[in-house]
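Written out below as structure tokens is the structure these notes cover.
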Amino acid sequence: MSGAFITFEGIEGSGKTTQAKLLKGYLESKGLEVVLTREPGGTELSERIRQLLADPSLPIRPEAELMLFMASRAQHVRELIRPALERGATVICDRFADSSAAYQGYGRGIDLELISALNEFATGGLKPDLTILLDLDPEEGLRRARRGRGDLDRIELEELEFHRRVREGYLEMARREPDRFVVIRADVDIDSVHRRVREAVERCLGM
Ligand code: TMP
């Protein structure tokens, strides 16, 4: 496998999607083939699972929710991510396995070791080369998310305390794996965040 695998993580409203797009444009301007994808999503099955997960009118138990994210991931890795990496493309993914640990583990309280084992199975052991964590106070994140769309999906509707646990969970994971994670403050303007993202990626790719 030759391409680099870069993931973006962070709470709602942290600007992952914007930053992932900016990074794609930058790397393409350097002549790289870039595949930008997201979780849950990226394949037909995974996008359909995404619709189920986002529907606030559909009751989903935490255990079922976890397995839906995992099913989406298992398909995504095999159908899209691995083939792209194998042909040498750089893959940028807006959320990946760490989101399940942050939201279903730290957020909902499901056992972290179980989530880690399920992630191992779903990803077939694939790990990002670099994970960019965009760190933001959840109050600001939720304000931004509401401003952006007006409506909130099922997980965004969780109480503030839930999003606080998610944020702390991410920071804890970053402390445990300092070689993979780069934490970037997201409470500054888009261009400043992009500059820091670029620096982290250039270091990782040896550019
Ligand atoms: P997005 O709004 O950033 O695209 O993410 C979709 C929602 O799914 C977001 O609320 C985070 C949540 N999520 C999980 O709870 N677990 C996961 O494993 C993933 C990938 C996303």
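Residues are named by chain letter and number: chains run A, B, ... in the order of the structure tokens, numbers start at 1 in each chain, and ligands are numbered from 1 in the order shown.
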For this session: Return as a ChimeraX atom specification every polymer residue, whether protein, DNA or RNA, with at least one atom no more than 8 Å from an atom of ligand 1; count only C-alpha atoms and all ligand atoms.
Result: /A:10-13,16-17,38-40,50,53-54,65-66,69-70,73,94-104,153-156
Taking 4 positions as the minimum chain separation for residues in the same chain, which residues sit within 10 Å of Val183 of chain A when counting only C-alpha atoms? Answer as a CSV table (one decimal) with all heavy atoms, in the first residue's frame.
```csv
chain,number,residue,atom,x,y,z
A,9,GLU,N,-10.9,14.5,12.5
A,9,GLU,CA,-11.8,14.2,13.6
A,9,GLU,C,-12.1,15.5,14.4
A,9,GLU,O,-11.4,16.4,14.3
A,9,GLU,CB,-11.2,13.2,14.6
A,9,GLU,CG,-10.9,11.8,14.0
A,9,GLU,CD,-12.2,10.9,13.8
A,9,GLU,OE1,-13.3,11.3,14.2
A,9,GLU,OE2,-12.1,9.8,13.2
A,10,GLY,N,-13.2,15.4,15.1
A,10,GLY,CA,-13.6,16.6,15.9
A,10,GLY,C,-15.1,16.6,16.2
A,10,GLY,O,-15.8,15.8,15.5
A,131,THR,N,-3.9,11.7,11.9
A,131,THR,CA,-5.2,12.1,12.3
A,131,THR,C,-5.2,13.5,12.8
A,131,THR,O,-4.5,13.8,13.7
A,131,THR,CB,-5.8,11.1,13.3
A,131,THR,OG1,-5.9,9.8,12.8
A,131,THR,CG2,-7.2,11.6,13.8
A,132,ILE,N,-5.9,14.3,12.1
A,132,ILE,CA,-6.0,15.7,12.5
A,132,ILE,C,-7.2,16.0,13.4
A,132,ILE,O,-8.4,15.8,12.9
A,132,ILE,CB,-6.0,16.7,11.3
A,132,ILE,CG1,-4.6,16.5,10.6
A,132,ILE,CG2,-6.3,18.1,11.7
A,132,ILE,CD1,-4.6,17.1,9.2
A,133,LEU,N,-7.0,16.3,14.6
A,133,LEU,CA,-8.1,16.6,15.5
A,133,LEU,C,-8.3,18.1,15.6
A,133,LEU,O,-7.4,18.8,16.1
A,133,LEU,CB,-7.8,16.0,16.9
A,133,LEU,CG,-8.8,16.3,18.0
A,133,LEU,CD1,-10.2,15.9,17.7
A,133,LEU,CD2,-8.3,15.7,19.3
A,134,LEU,N,-9.5,18.5,15.1
A,134,LEU,CA,-9.8,19.9,15.2
A,134,LEU,C,-10.5,20.1,16.5
A,134,LEU,O,-11.7,19.7,16.7
A,134,LEU,CB,-10.7,20.4,14.0
A,134,LEU,CG,-10.0,20.2,12.7
A,134,LEU,CD1,-10.9,20.7,11.5
A,134,LEU,CD2,-8.7,21.0,12.6
A,135,ASP,N,-9.9,20.8,17.5
A,135,ASP,CA,-10.4,20.9,18.8
A,135,ASP,C,-11.2,22.2,19.0
A,135,ASP,O,-10.7,23.3,18.7
A,135,ASP,CB,-9.3,20.8,19.8
A,135,ASP,CG,-9.8,20.8,21.3
A,135,ASP,OD1,-10.7,20.1,21.6
A,135,ASP,OD2,-9.3,21.6,22.1
A,170,TYR,N,-11.7,12.6,22.7
A,170,TYR,CA,-10.8,12.8,21.6
A,170,TYR,C,-9.4,13.3,22.1
A,170,TYR,O,-8.4,12.8,21.7
A,170,TYR,CB,-11.3,13.9,20.7
A,170,TYR,CG,-12.2,13.5,19.5
A,170,TYR,CD1,-13.4,14.1,19.3
A,170,TYR,CD2,-11.8,12.5,18.7
A,170,TYR,CE1,-14.2,13.7,18.2
A,170,TYR,CE2,-12.6,12.1,17.6
A,170,TYR,CZ,-13.8,12.7,17.4
A,170,TYR,OH,-14.6,12.4,16.3
A,171,LEU,N,-9.4,14.2,23.1
A,171,LEU,CA,-8.2,14.7,23.6
A,171,LEU,C,-7.4,13.6,24.3
A,171,LEU,O,-6.2,13.6,24.2
A,171,LEU,CB,-8.4,15.9,24.5
A,171,LEU,CG,-8.9,17.2,23.8
A,171,LEU,CD1,-9.4,18.3,24.8
A,171,LEU,CD2,-7.9,17.8,22.9
A,174,ALA,N,-5.8,11.5,21.7
A,174,ALA,CA,-4.6,12.2,21.1
A,174,ALA,C,-3.4,12.1,22.0
A,174,ALA,O,-2.3,12.0,21.6
A,174,ALA,CB,-5.0,13.6,20.8
A,175,ARG,N,-3.7,12.2,23.4
A,175,ARG,CA,-2.6,12.1,24.3
A,175,ARG,C,-2.0,10.7,24.3
A,175,ARG,O,-0.8,10.5,24.4
A,175,ARG,CB,-3.1,12.4,25.7
A,175,ARG,CG,-3.1,13.9,26.1
A,175,ARG,CD,-3.3,14.1,27.5
A,175,ARG,NE,-4.7,13.7,28.0
A,175,ARG,CZ,-5.8,14.5,28.0
A,175,ARG,NH1,-5.7,15.7,27.5
A,175,ARG,NH2,-6.9,14.0,28.4
A,178,PRO,N,0.4,10.1,20.4
A,178,PRO,CA,0.9,11.4,20.0
A,178,PRO,C,1.6,11.3,18.6
A,178,PRO,O,1.7,12.4,17.9
A,178,PRO,CB,1.9,11.8,21.1
A,178,PRO,CG,2.2,10.6,21.8
A,178,PRO,CD,1.1,9.7,21.6
A,196,ARG,N,-2.1,25.3,9.5
A,196,ARG,CA,-1.6,24.3,10.4
A,196,ARG,C,-1.8,22.9,9.9
A,196,ARG,O,-0.9,22.0,10.1
A,196,ARG,CB,-2.2,24.5,11.8
A,196,ARG,CG,-2.1,25.9,12.4
A,196,ARG,CD,-1.8,25.9,13.8
A,196,ARG,NE,-1.3,27.2,14.2
A,196,ARG,CZ,-2.2,28.2,14.5
A,196,ARG,NH1,-3.5,28.0,14.6
A,196,ARG,NH2,-1.7,29.4,14.8
A,197,VAL,N,-2.9,22.7,9.3
A,197,VAL,CA,-3.2,21.4,8.7
A,197,VAL,C,-2.1,21.1,7.6
A,197,VAL,O,-1.6,20.0,7.6
A,197,VAL,CB,-4.6,21.4,8.0
A,197,VAL,CG1,-4.8,20.1,7.2
A,197,VAL,CG2,-5.7,21.5,9.1
A,200,ALA,N,1.1,20.1,9.2
A,200,ALA,CA,1.1,18.7,9.7
A,200,ALA,C,1.2,17.7,8.6
A,200,ALA,O,1.9,16.7,8.7
A,200,ALA,CB,-0.2,18.5,10.6
```
Problem set entry | Counting only C-alpha atoms, the option among A:Arg108, A:Leu130, A:Gly3, A:Glu158 closest to Val201 of chain A |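 Ranking A:Arg108, A:Leu130, A:Gly3, A:Glu158 by distance to Val201 of chain A, first place goes to A:Leu130.
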Problem set entry | Coordinates-based distance that separates atom CA of Gly15 of chain A from atom CA of Leu32 of chain A (Å, one decimal) |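 Going from atom CA of Leu32 of chain A over to atom CA of Gly15 of chain A covers 23.0 Å.
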Problem set entry | Residue list (helix (DSSP H, G or I), DSSP) for segment 91-174 of chain A, as a ChimeraX atom specification | /A:97-107,112-123,138-149,160-174
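Going from atom CA of Arg144 of chain A to atom CA of His194 of chain A covers 17.8 Å.
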Problem set entry | Counting only C-alpha atoms, the option among A:Gly41, A:Gly25, A:Pro59, A:Gly88 closest to Ser2 of chain A |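 Comparing A:Gly41, A:Gly25, A:Pro59, A:Gly88 against Ser2 of chain A, the winner is A:Gly88.
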Exercise. Mind pulling up the distance from atom CA of Glu172 of chain A to atom CA of Glu63 of chain A?
Worked result: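 Distance between the two atoms: 22.8 Å.
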Exercise. Taking the backbone alone, and naming residues the way the document does, which bits of segment 101-147 of chain A are strand (DSSP E) by DSSP, as a list of chain:residue names?
Worked result: A:Leu130, A:Thr131, A:Ile132, A:Leu133, A:Leu134, A:Asp135
